[in-house]
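Source file: final-v8.cif; contents: mmCIF, C-alpha atoms (C1' of nucleotides).
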```
data_work
#
loop_
_atom_site.group_PDB
_atom_site.id
_atom_site.type_symbol
_atom_site.label_atom_id
_atom_site.label_comp_id
_atom_site.auth_asym_id
_atom_site.auth_seq_id
_atom_site.Cartn_x
_atom_site.Cartn_y
_atom_site.Cartn_z
ATOM 1 C CA MET A 236 124.448 119.494 113.353
ATOM 2 C CA ALA A 237 121.374 119.196 111.201
ATOM 3 C CA ARG A 238 117.946 117.903 112.096
ATOM 4 C CA ALA A 239 117.756 114.250 113.091
ATOM 5 C CA ALA A 240 116.872 111.829 110.313
ATOM 6 C CA THR A 241 113.240 110.958 109.797
ATOM 7 C CA THR A 242 114.330 107.359 110.138
ATOM 8 C CA SER A 243 115.934 107.888 113.531
ATOM 9 C CA ASP A 244 112.811 107.150 115.567
ATOM 10 C CA PRO A 245 108.992 107.083 115.444
ATOM 11 C CA PHE A 246 108.787 110.665 116.713
ATOM 12 C CA ASN A 247 110.608 111.915 113.637
ATOM 13 C CA ALA A 248 108.935 109.524 111.237
ATOM 14 C CA VAL A 249 105.475 110.576 112.362
ATOM 15 C CA ALA A 250 106.165 114.288 112.104
ATOM 16 C CA GLU A 251 105.297 114.125 108.413
ATOM 17 C CA PRO A 252 101.521 114.422 107.824
ATOM 18 C CA ARG A 253 101.513 112.119 104.790
ATOM 19 C CA ARG A 254 103.099 109.395 106.839
ATOM 20 C CA ARG A 255 100.461 109.768 109.498
ATOM 21 C CA GLN A 256 97.831 109.423 106.810
ATOM 22 C CA ILE A 257 99.491 106.274 105.550
ATOM 23 C CA LEU A 258 99.523 104.818 109.057
ATOM 24 C CA GLU A 259 95.821 105.566 109.412
ATOM 25 C CA CYS A 260 95.169 104.027 106.023
ATOM 26 C CA LEU A 261 96.997 100.850 107.048
ATOM 27 C CA ALA A 262 95.697 100.679 110.589
ATOM 28 C CA ASN A 263 92.967 98.115 110.149
ATOM 29 C CA GLU A 264 93.909 96.230 107.028
ATOM 30 C CA GLU A 265 96.797 95.321 104.811
ATOM 31 C CA ARG A 266 97.001 97.308 101.603
ATOM 32 C CA ASP A 267 99.406 97.281 98.697
ATOM 33 C CA VAL A 268 101.212 100.334 97.445
ATOM 34 C CA GLY A 269 98.803 100.944 94.599
ATOM 35 C CA GLN A 270 95.853 101.080 96.968
ATOM 36 C CA ILE A 271 97.594 103.668 99.106
ATOM 37 C CA VAL A 272 98.417 105.694 96.009
ATOM 38 C CA ILE A 273 94.741 105.765 95.084
ATOM 39 C CA ALA A 274 93.414 106.301 98.586
ATOM 40 C CA LEU A 275 95.723 109.201 99.407
ATOM 41 C CA ARG A 276 96.195 110.547 95.896
ATOM 42 C CA LEU A 277 99.958 110.627 96.070
ATOM 43 C CA GLU A 278 102.583 109.732 93.504
ATOM 44 C CA GLN A 279 103.695 106.144 93.690
ATOM 45 C CA PRO A 280 107.394 106.918 94.260
ATOM 46 C CA SER A 281 106.386 109.230 97.058
ATOM 47 C CA VAL A 282 104.394 106.498 98.745
ATOM 48 C CA SER A 283 107.232 104.012 98.384
ATOM 49 C CA LYS A 284 109.638 106.460 99.958
ATOM 50 C CA HIS A 285 107.345 107.174 102.877
ATOM 51 C CA LEU A 286 106.807 103.466 103.399
ATOM 52 C CA LYS A 287 110.543 102.970 103.470
ATOM 53 C CA VAL A 288 110.866 105.470 106.294
ATOM 54 C CA LEU A 289 107.966 103.941 108.198
ATOM 55 C CA HIS A 290 109.404 100.476 107.767
ATOM 56 C CA LYS A 291 112.827 101.521 108.950
ATOM 57 C CA VAL A 292 111.443 102.642 112.294
ATOM 58 C CA GLY A 293 109.163 99.627 112.607
ATOM 59 C CA LEU A 294 105.899 101.478 112.111
ATOM 60 C CA VAL A 295 104.769 99.194 109.311
ATOM 61 C CA ARG A 296 105.140 95.515 108.486
ATOM 62 C CA VAL A 297 105.446 94.187 104.954
ATOM 63 C CA ARG A 298 104.870 90.926 103.247
ATOM 64 C CA ARG A 299 105.077 90.071 99.602
ATOM 65 C CA ASN A 300 102.213 88.590 97.633
ATOM 66 C CA GLY A 301 103.293 88.044 94.057
ATOM 67 C CA ARG A 302 104.312 91.400 92.756
ATOM 68 C CA HIS A 303 102.283 93.180 95.390
ATOM 69 C CA MET A 304 103.797 94.357 98.616
ATOM 70 C CA LEU A 305 101.246 94.268 101.427
ATOM 71 C CA TYR A 306 101.833 96.816 104.140
ATOM 72 C CA LYS A 307 100.181 97.109 107.533
ATOM 73 C CA THR A 308 100.586 99.452 110.458
ATOM 74 C CA ASN A 309 102.473 98.087 113.431
ATOM 75 C CA ALA A 310 100.608 100.004 116.098
ATOM 76 C CA GLN A 311 102.903 98.888 118.899
ATOM 77 C CA ALA A 312 105.670 101.120 117.581
ATOM 78 C CA LEU A 313 103.479 104.091 118.470
ATOM 79 C CA ARG A 314 103.294 103.170 122.135
ATOM 80 C CA PRO A 315 106.331 105.228 123.184
ATOM 81 C CA LEU A 316 104.688 108.297 121.700
ATOM 82 C CA HIS A 317 101.403 107.608 123.424
ATOM 83 C CA GLU A 318 103.096 106.989 126.723
ATOM 84 C CA TRP A 319 105.301 110.041 126.525
ATOM 85 C CA THR A 320 102.368 112.332 125.795
ATOM 86 C CA GLY A 321 100.340 110.482 128.420
ATOM 87 C CA PHE A 322 102.819 111.645 131.001
ATOM 88 C CA PHE A 323 101.396 115.150 130.513
ATOM 89 C CA GLU A 324 97.785 114.077 130.635
ATOM 90 C CA LYS A 325 97.057 114.865 134.255
ATOM 91 C CA LEU A 326 98.775 118.212 133.832
ATOM 92 C CA TRP A 327 96.393 119.388 131.160
ATOM 93 C CA THR A 328 93.338 118.195 133.030
ATOM 94 C CA ASP A 329 94.688 120.104 136.037
ATOM 95 C CA GLN A 330 95.174 123.171 133.908
ATOM 96 C CA LEU A 331 91.676 122.846 132.486
ATOM 97 C CA SER A 332 90.103 122.434 135.905
ATOM 98 C CA ARG A 333 92.050 125.419 137.157
ATOM 99 C CA ILE A 334 90.663 127.477 134.307
ATOM 100 C CA LYS A 335 87.217 126.153 135.102
ATOM 101 C CA ASP A 336 87.682 127.067 138.767
ATOM 102 C CA ARG A 337 88.685 130.575 137.790
ATOM 103 C CA ALA A 338 85.621 130.875 135.576
ATOM 104 C CA GLU A 339 83.400 129.773 138.449
ATOM 105 C CA GLN A 340 85.170 132.223 140.696
ATOM 106 C CA LYS A 341 84.373 134.989 138.259
ATOM 107 C CA GLU A 342 80.720 133.975 138.199
ATOM 108 C CA LEU A 343 80.609 134.160 141.966
ATOM 109 C CA GLU A 344 82.166 137.605 141.899
ATOM 110 C CA LYS A 345 79.627 138.815 139.360
ATOM 111 C CA LEU A 346 76.824 137.460 141.487
ATOM 112 C CA TYR A 347 78.244 139.201 144.531
ATOM 113 C CA MET A 348 78.546 142.505 142.656
ATOM 114 C CA LYS A 349 74.986 142.244 141.496
ATOM 115 C CA GLU A 350 73.683 141.517 144.949
ATOM 116 C CA THR A 351 75.542 144.378 146.573
ATOM 117 C CA LYS A 352 74.380 146.736 143.828
ATOM 118 C CA GLU A 353 70.785 145.707 144.393
ATOM 119 C CA LYS A 354 71.269 146.206 148.104
ATOM 120 C CA GLY A 355 72.524 149.719 147.394
ATOM 121 C CA LYS A 356 69.303 150.476 145.502
ATOM 122 C CA GLU A 357 67.033 149.645 148.377
ATOM 123 C CA MET B 252 109.699 120.460 98.792
ATOM 124 C CA ALA B 253 111.755 120.154 101.932
ATOM 125 C CA ARG B 254 110.792 118.880 105.322
ATOM 126 C CA ALA B 255 108.074 120.805 107.157
ATOM 127 C CA ALA B 256 109.293 123.427 109.583
ATOM 128 C CA THR B 257 109.763 122.444 113.208
ATOM 129 C CA THR B 258 107.453 125.331 114.007
ATOM 130 C CA SER B 259 104.657 124.065 111.807
ATOM 131 C CA ASP B 260 102.963 121.954 114.498
ATOM 132 C CA PRO B 261 103.547 120.102 117.787
ATOM 133 C CA PHE B 262 104.358 116.871 115.950
ATOM 134 C CA ASN B 263 107.347 118.487 114.292
ATOM 135 C CA ALA B 264 108.371 120.502 117.328
ATOM 136 C CA VAL B 265 108.424 117.438 119.545
ATOM 137 C CA ALA B 266 110.469 115.332 117.133
ATOM 138 C CA GLU B 267 113.623 116.859 118.565
ATOM 139 C CA PRO B 268 114.779 115.032 121.738
ATOM 140 C CA ARG B 269 116.162 118.156 123.414
ATOM 141 C CA ARG B 270 112.817 119.831 123.078
ATOM 142 C CA ARG B 271 111.111 116.861 124.679
ATOM 143 C CA GLN B 272 113.567 117.117 127.546
ATOM 144 C CA ILE B 273 112.789 120.788 127.925
ATOM 145 C CA LEU B 274 109.062 120.060 128.044
ATOM 146 C CA GLU B 275 109.650 117.458 130.750
ATOM 147 C CA CYS B 276 111.809 119.901 132.640
ATOM 148 C CA LEU B 277 109.074 122.540 132.538
ATOM 149 C CA ALA B 278 106.167 120.206 133.120
ATOM 150 C CA ASN B 279 105.608 120.808 136.796
ATOM 151 C CA GLU B 280 107.158 124.173 137.483
ATOM 152 C CA GLU B 281 108.168 127.411 135.853
ATOM 153 C CA ARG B 282 111.865 127.754 135.200
ATOM 154 C CA ASP B 283 113.974 130.471 133.680
ATOM 155 C CA VAL B 284 116.364 129.906 130.810
ATOM 156 C CA GLY B 285 119.418 129.672 133.040
ATOM 157 C CA GLN B 286 117.878 126.882 135.069
ATOM 158 C CA ILE B 287 117.165 124.888 131.933
ATOM 159 C CA VAL B 288 120.716 125.447 130.748
ATOM 160 C CA ILE B 289 122.032 123.988 133.982
ATOM 161 C CA ALA B 290 119.513 121.176 134.255
ATOM 162 C CA LEU B 291 119.998 119.920 130.703
ATOM 163 C CA ARG B 292 123.620 120.998 130.218
ATOM 164 C CA LEU B 293 122.984 122.779 126.957
ATOM 165 C CA GLU B 294 124.342 126.032 125.603
ATOM 166 C CA GLN B 295 122.197 129.032 126.436
ATOM 167 C CA PRO B 296 121.599 130.090 122.803
ATOM 168 C CA SER B 297 120.557 126.551 122.029
ATOM 169 C CA VAL B 298 118.000 126.583 124.819
ATOM 170 C CA SER B 299 116.644 129.952 123.711
ATOM 171 C CA LYS B 300 116.241 128.689 120.178
ATOM 172 C CA HIS B 301 114.438 125.551 121.261
ATOM 173 C CA LEU B 302 112.161 127.579 123.493
ATOM 174 C CA LYS B 303 111.351 129.818 120.557
ATOM 175 C CA VAL B 304 110.200 126.808 118.564
ATOM 176 C CA LEU B 305 108.191 125.421 121.460
ATOM 177 C CA HIS B 306 106.581 128.784 122.054
ATOM 178 C CA LYS B 307 105.642 129.215 118.420
ATOM 179 C CA VAL B 308 103.581 126.029 118.468
ATOM 180 C CA GLY B 309 102.087 126.807 121.877
ATOM 181 C CA LEU B 310 103.897 124.095 123.792
ATOM 182 C CA VAL B 311 105.250 126.537 126.379
ATOM 183 C CA ARG B 312 103.996 129.676 128.048
ATOM 184 C CA VAL B 313 106.261 132.551 129.047
ATOM 185 C CA ARG B 314 106.108 135.405 131.471
ATOM 186 C CA ARG B 315 108.743 137.931 132.355
ATOM 187 C CA ASN B 316 110.039 138.466 135.854
ATOM 188 C CA GLY B 317 112.613 141.232 135.815
ATOM 189 C CA ARG B 318 115.314 140.073 133.464
ATOM 190 C CA HIS B 319 114.285 136.458 133.842
ATOM 191 C CA MET B 320 111.942 134.778 131.425
ATOM 192 C CA LEU B 321 109.874 132.134 133.150
ATOM 193 C CA TYR B 322 108.800 129.265 130.937
ATOM 194 C CA LYS B 323 106.298 126.529 131.622
ATOM 195 C CA THR B 324 104.978 123.621 129.612
ATOM 196 C CA ASN B 325 101.498 124.057 128.194
ATOM 197 C CA ALA B 326 100.492 120.411 128.350
ATOM 198 C CA GLN B 327 97.229 120.943 126.492
ATOM 199 C CA ALA B 328 99.115 121.488 123.259
ATOM 200 C CA LEU B 329 100.193 117.838 123.469
ATOM 201 C CA ARG B 330 96.640 116.541 123.458
ATOM 202 C CA PRO B 331 96.395 116.147 119.673
ATOM 203 C CA LEU B 332 99.457 113.929 119.780
ATOM 204 C CA HIS B 333 98.085 111.850 122.613
ATOM 205 C CA GLU B 334 94.760 111.470 120.937
ATOM 206 C CA TRP B 335 96.194 110.596 117.566
ATOM 207 C CA THR B 336 98.386 107.864 119.008
ATOM 208 C CA GLY B 337 95.507 106.794 121.216
ATOM 209 C CA PHE B 338 93.558 105.948 118.110
ATOM 210 C CA PHE B 339 95.965 103.051 117.619
ATOM 211 C CA GLU B 340 95.809 101.865 121.197
ATOM 212 C CA LYS B 341 93.251 99.119 120.796
ATOM 213 C CA LEU B 342 95.072 97.902 117.742
ATOM 214 C CA TRP B 343 98.262 97.195 119.587
ATOM 215 C CA THR B 344 96.507 95.518 122.466
ATOM 216 C CA ASP B 345 94.770 93.365 119.865
ATOM 217 C CA GLN B 346 98.092 92.569 118.280
ATOM 218 C CA LEU B 347 99.600 91.731 121.639
ATOM 219 C CA SER B 348 96.735 89.484 122.623
ATOM 220 C CA ARG B 349 96.937 87.751 119.277
ATOM 221 C CA ILE B 350 100.610 87.086 119.896
ATOM 222 C CA LYS B 351 99.744 85.878 123.365
ATOM 223 C CA ASP B 352 97.091 83.588 121.912
ATOM 224 C CA ARG B 353 99.603 82.199 119.501
ATOM 225 C CA ALA B 354 102.055 81.621 122.323
ATOM 226 C CA GLU B 355 99.406 79.766 124.291
ATOM 227 C CA GLN B 356 98.557 77.781 121.232
ATOM 228 C CA LYS B 357 102.194 76.762 120.950
ATOM 229 C CA GLU B 358 102.240 75.671 124.582
ATOM 230 C CA LEU B 359 99.191 73.510 123.968
ATOM 231 C CA GLU B 360 100.850 71.953 120.947
ATOM 232 C CA LYS B 361 103.997 71.207 122.940
ATOM 233 C CA LEU B 362 101.903 69.618 125.667
ATOM 234 C CA TYR B 363 100.082 67.524 123.122
ATOM 235 C CA MET B 364 103.352 66.390 121.517
ATOM 236 C CA LYS B 365 104.709 65.405 124.915
ATOM 237 C CA GLU B 366 101.626 63.438 125.816
ATOM 238 C CA THR B 367 101.528 61.521 122.553
ATOM 239 C CA LYS B 368 105.236 60.798 122.867
ATOM 240 C CA GLU B 369 104.732 59.442 126.382
ATOM 241 C CA LYS B 370 101.827 57.400 125.157
ATOM 242 C CA GLY B 371 104.129 55.998 122.480
ATOM 243 C CA LYS B 372 106.568 54.856 125.173
ATOM 244 C CA GLU B 373 104.012 52.782 127.025
ATOM 245 C "C1'" DG C 300 125.199 156.515 133.079
ATOM 246 C "C1'" DA C 301 128.496 152.544 133.679
ATOM 247 C "C1'" DC C 302 128.488 147.933 134.546
ATOM 248 C "C1'" DA C 303 126.839 143.175 135.281
ATOM 249 C "C1'" DT C 304 123.528 139.730 134.315
ATOM 250 C "C1'" DA C 305 119.890 137.211 131.559
ATOM 251 C "C1'" DT C 306 118.200 136.213 127.298
ATOM 252 C "C1'" DA C 307 117.648 136.583 122.278
ATOM 253 C "C1'" DT C 308 119.416 137.001 117.654
ATOM 254 C "C1'" DT C 309 122.501 136.601 113.750
ATOM 255 C "C1'" DC C 310 125.777 134.369 110.870
ATOM 256 C "C1'" DC C 311 127.855 130.196 109.606
ATOM 257 C "C1'" DT C 312 127.910 125.256 107.806
ATOM 258 C "C1'" DA C 313 127.103 120.322 107.177
ATOM 259 C "C1'" DT C 314 123.276 117.596 106.575
ATOM 260 C "C1'" DA C 315 118.821 115.708 105.510
ATOM 261 C "C1'" DT C 316 114.716 116.308 103.461
ATOM 262 C "C1'" DG C 317 110.113 115.727 100.099
ATOM 263 C "C1'" DG C 318 108.654 115.973 95.723
ATOM 264 C "C1'" DG C 319 109.176 115.576 90.586
ATOM 265 C "C1'" DA C 320 111.033 113.109 86.776
ATOM 266 C "C1'" DA C 321 113.210 109.354 85.004
ATOM 267 C "C1'" DT C 322 114.756 104.875 85.499
ATOM 268 C "C1'" DA C 323 115.658 100.310 87.583
ATOM 269 C "C1'" DT C 324 114.091 95.969 89.544
ATOM 270 C "C1'" DA C 325 110.926 92.237 90.348
ATOM 271 C "C1'" DT C 326 107.101 89.336 89.198
ATOM 272 C "C1'" DT C 327 103.346 87.545 86.414
ATOM 273 C "C1'" DT C 328 101.435 86.323 81.974
ATOM 274 C "C1'" DC C 329 101.526 85.023 77.432
ATOM 275 C "C1'" DG D 27 111.832 85.599 76.637
ATOM 276 C "C1'" DA D 28 108.894 89.608 75.545
ATOM 277 C "C1'" DA D 29 105.410 92.506 77.188
ATOM 278 C "C1'" DA D 30 102.803 94.219 81.105
ATOM 279 C "C1'" DT D 31 102.277 95.382 85.792
ATOM 280 C "C1'" DA D 32 103.833 96.686 90.619
ATOM 281 C "C1'" DT D 33 107.152 98.637 93.278
ATOM 282 C "C1'" DA D 34 111.655 100.618 94.423
ATOM 283 C "C1'" DT D 35 115.549 103.557 93.469
ATOM 284 C "C1'" DT D 36 118.267 107.385 91.722
ATOM 285 C "C1'" DC D 37 119.141 112.081 90.537
ATOM 286 C "C1'" DC D 38 117.915 116.771 91.113
ATOM 287 C "C1'" DC D 39 116.959 120.982 93.983
ATOM 288 C "C1'" DA D 40 114.931 124.390 97.173
ATOM 289 C "C1'" DT D 41 114.510 124.527 101.914
ATOM 290 C "C1'" DA D 42 115.133 124.099 106.778
ATOM 291 C "C1'" DT D 43 117.381 122.830 110.124
ATOM 292 C "C1'" DA D 44 120.863 122.234 115.067
ATOM 293 C "C1'" DG D 45 124.721 123.650 116.935
ATOM 294 C "C1'" DG D 46 128.869 126.776 117.522
ATOM 295 C "C1'" DA D 47 130.614 131.381 117.817
ATOM 296 C "C1'" DA D 48 129.901 136.002 118.197
ATOM 297 C "C1'" DT D 49 126.970 139.684 119.067
ATOM 298 C "C1'" DA D 50 122.740 142.281 120.235
ATOM 299 C "C1'" DT D 51 119.085 143.511 123.405
ATOM 300 C "C1'" DA D 52 116.863 144.115 127.791
ATOM 301 C "C1'" DT D 53 116.784 144.655 132.637
ATOM 302 C "C1'" DG D 54 118.591 145.469 137.279
ATOM 303 C "C1'" DT D 55 122.161 147.617 140.377
ATOM 304 C "C1'" DC D 56 125.282 150.906 141.830
#
```
Rewrite the structure from the file as structure tokens, please.
Amino acid sequence: MARAATTSDPFNAVAEPRRRQILECLANEERDVGQIVIALRLEQPSVSKHLKVLHKVGLVRVRRNGRHMLYKTNAQALRPLHEWTGFFEKLWTDQLSRIKDRAEQKELEKLYMKETKEKGKE
Amino acid sequence: MARAATTSDPFNAVAEPRRRQILECLANEERDVGQIVIALRLEQPSVSKHLKVLHKVGLVRVRRNGRHMLYKTNAQALRPLHEWTGFFEKLWTDQLSRIKDRAEQKELEKLYMKETKEKGKE
DNA sequence: GACATATATTCCTATATGGGAATATATTTC
DNA sequence: GAAATATATTCCCATATAGGAATATATGTC
């Protein structure tokens, strides 16, 4: 089997950096294809292709205005990603605090060494 | 150009569902390869290959115990993903509340229609 | 050292990709 | 309807898969 299609789900669609850029670009306001081309300095066909992928997985919404296609990020489609990664959130804070604890432990040990050394001098 | 390598960053590594399963499996406790094979019902070479990818992007830690390799999820490597998606969080709550507002608006309209209709009857 | 067990690697193949170039389609304007 | 503009699609190709099968490597046990 080959790799899953980029259009199979938001996880795959978002793996491409350009597509993440496009989502950021369209997060707060509608933009047409030409504006994205200028903003991200990509070729127009490239942008259209990326938008197609994003649209297929529901990450962007489109509406036509004359000959302009107005795209906008559909942030809700990113929720599964945020929630899945959120599942690991407490783990990494635990890991960080454990590292912090170990660092503090080391400091205490150093202090102890120093004190005993000084005691030895007297 | 082709698609970016799965080993190029956590976004790409995590696009594969099996690898997400493996990360979940290793979230809370170390497990060796054989245990993952059994838990997820995958072929052993497949698991080893996925672990290689996950290790390359820092999503798992390994340590050897005799002939067993003990793997564990390194949750911190998922932070960039969580933070990037988190950037869109307020947007989707905004979108939801706007939908909610519209729904409420519709209810009000219905109520109004009903009242005027009843008034018409009198 | 021979053997068993645990894991990693290699070779294979069908499949999908992203970009470049060229072209097609749709819409407005005149 | 012809020309201009905006966007989408098609064709091409080098590249990287994921899984299956077979094999290699490493470690422990006797």
Practice problem: For chain A, report every residue with an atom at most 6 Å from chain D (counting all atoms listed in the file), formatted as a PyMOL selection string. | Solution: chain A and resi 236-238+302
Quiz prompt | Exercise answer, chain A residues close to chain C, 12 Å and all atoms listed in the file, as a list in words | solution = Met236, Ala237, Arg238, Ala239, Ala240, Thr241, Thr242, Ser243, Asn247, Ala248, Glu251, Pro252, Arg253, Arg254, Leu277, Glu278, Gln279, Pro280, Ser281, Val282, Lys284, His285, Val288, Arg299, Asn300, Gly301, Arg302, His303 and Met304 of chain A
Once you have the residues from the selection above, write them out as a compact mmCIF listing (two decimals), in the frame of the given file, restricted to C-alpha atoms.
```txt
# COMPACT_ATOMS: atom_id res chain seq x y z
CA MET A 236 124.45 119.49 113.35
CA ALA A 237 121.37 119.20 111.20
CA ARG A 238 117.95 117.90 112.10
CA ALA A 239 117.76 114.25 113.09
CA ALA A 240 116.87 111.83 110.31
CA THR A 241 113.24 110.96 109.80
CA THR A 242 114.33 107.36 110.14
CA SER A 243 115.93 107.89 113.53
CA ASN A 247 110.61 111.92 113.64
CA ALA A 248 108.94 109.52 111.24
CA GLU A 251 105.30 114.12 108.41
CA PRO A 252 101.52 114.42 107.82
CA ARG A 253 101.51 112.12 104.79
CA ARG A 254 103.10 109.40 106.84
CA LEU A 277 99.96 110.63 96.07
CA GLU A 278 102.58 109.73 93.50
CA GLN A 279 103.70 106.14 93.69
CA PRO A 280 107.39 106.92 94.26
CA SER A 281 106.39 109.23 97.06
CA VAL A 282 104.39 106.50 98.74
CA LYS A 284 109.64 106.46 99.96
CA HIS A 285 107.34 107.17 102.88
CA VAL A 288 110.87 105.47 106.29
CA ARG A 299 105.08 90.07 99.60
CA ASN A 300 102.21 88.59 97.63
CA GLY A 301 103.29 88.04 94.06
CA ARG A 302 104.31 91.40 92.76
CA HIS A 303 102.28 93.18 95.39
CA MET A 304 103.80 94.36 98.62
```
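Here CA of Ile289 (chain B) is placed at a distance of 23.0 Å from CA of Trp319 (chain A).
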What are the residues of chain A lining chain B at 9 Å or less? Count all atoms listed in the file, and put the answer as a PDB file with C-alpha atoms, in the coordinates of the input.
```pdb
ATOM      1  CA  ARG A 238     117.946 117.903 112.096  1.00  0.00           C
ATOM      2  CA  ALA A 239     117.756 114.250 113.091  1.00  0.00           C
ATOM      3  CA  THR A 241     113.240 110.958 109.797  1.00  0.00           C
ATOM      4  CA  ASP A 244     112.811 107.150 115.567  1.00  0.00           C
ATOM      5  CA  PRO A 245     108.992 107.083 115.444  1.00  0.00           C
ATOM      6  CA  PHE A 246     108.787 110.665 116.713  1.00  0.00           C
ATOM      7  CA  ASN A 247     110.608 111.915 113.637  1.00  0.00           C
ATOM      8  CA  ALA A 248     108.935 109.524 111.237  1.00  0.00           C
ATOM      9  CA  VAL A 249     105.475 110.576 112.362  1.00  0.00           C
ATOM     10  CA  ALA A 250     106.165 114.288 112.104  1.00  0.00           C
ATOM     11  CA  GLU A 251     105.297 114.125 108.413  1.00  0.00           C
ATOM     12  CA  PRO A 252     101.521 114.422 107.824  1.00  0.00           C
ATOM     13  CA  GLU A 259      95.821 105.566 109.412  1.00  0.00           C
ATOM     14  CA  ALA A 262      95.697 100.679 110.589  1.00  0.00           C
ATOM     15  CA  ASN A 263      92.967  98.115 110.149  1.00  0.00           C
ATOM     16  CA  ASN A 309     102.473  98.087 113.431  1.00  0.00           C
ATOM     17  CA  ALA A 310     100.608 100.004 116.098  1.00  0.00           C
ATOM     18  CA  GLN A 311     102.903  98.888 118.899  1.00  0.00           C
ATOM     19  CA  ALA A 312     105.670 101.120 117.581  1.00  0.00           C
ATOM     20  CA  LEU A 313     103.479 104.091 118.470  1.00  0.00           C
ATOM     21  CA  ARG A 314     103.294 103.170 122.135  1.00  0.00           C
ATOM     22  CA  LEU A 316     104.688 108.297 121.700  1.00  0.00           C
ATOM     23  CA  HIS A 317     101.403 107.608 123.424  1.00  0.00           C
ATOM     24  CA  GLU A 318     103.096 106.989 126.723  1.00  0.00           C
ATOM     25  CA  TRP A 319     105.301 110.041 126.525  1.00  0.00           C
ATOM     26  CA  THR A 320     102.368 112.332 125.795  1.00  0.00           C
ATOM     27  CA  GLY A 321     100.340 110.482 128.420  1.00  0.00           C
ATOM     28  CA  PHE A 322     102.819 111.645 131.001  1.00  0.00           C
ATOM     29  CA  PHE A 323     101.396 115.150 130.513  1.00  0.00           C
ATOM     30  CA  GLU A 324      97.785 114.077 130.635  1.00  0.00           C
ATOM     31  CA  LYS A 325      97.057 114.865 134.255  1.00  0.00           C
ATOM     32  CA  LEU A 326      98.775 118.212 133.832  1.00  0.00           C
ATOM     33  CA  TRP A 327      96.393 119.388 131.160  1.00  0.00           C
ATOM     34  CA  THR A 328      93.338 118.195 133.030  1.00  0.00           C
ATOM     35  CA  GLN A 330      95.174 123.171 133.908  1.00  0.00           C
ATOM     36  CA  LEU A 331      91.676 122.846 132.486  1.00  0.00           C
TER      37      LEU A 331
END
```
Quiz item: Quick one: distance from CA of Lys291 (chain A) to CA of Ile273 (chain B) in Å, one decimal?
Solution: 27.0 Å
Quiz item: Could you work out how far CA of Gln256 (chain A) lies from CA of Leu275 (chain A), giving the answer in Å with one decimal?
Solution: 7.7 Å
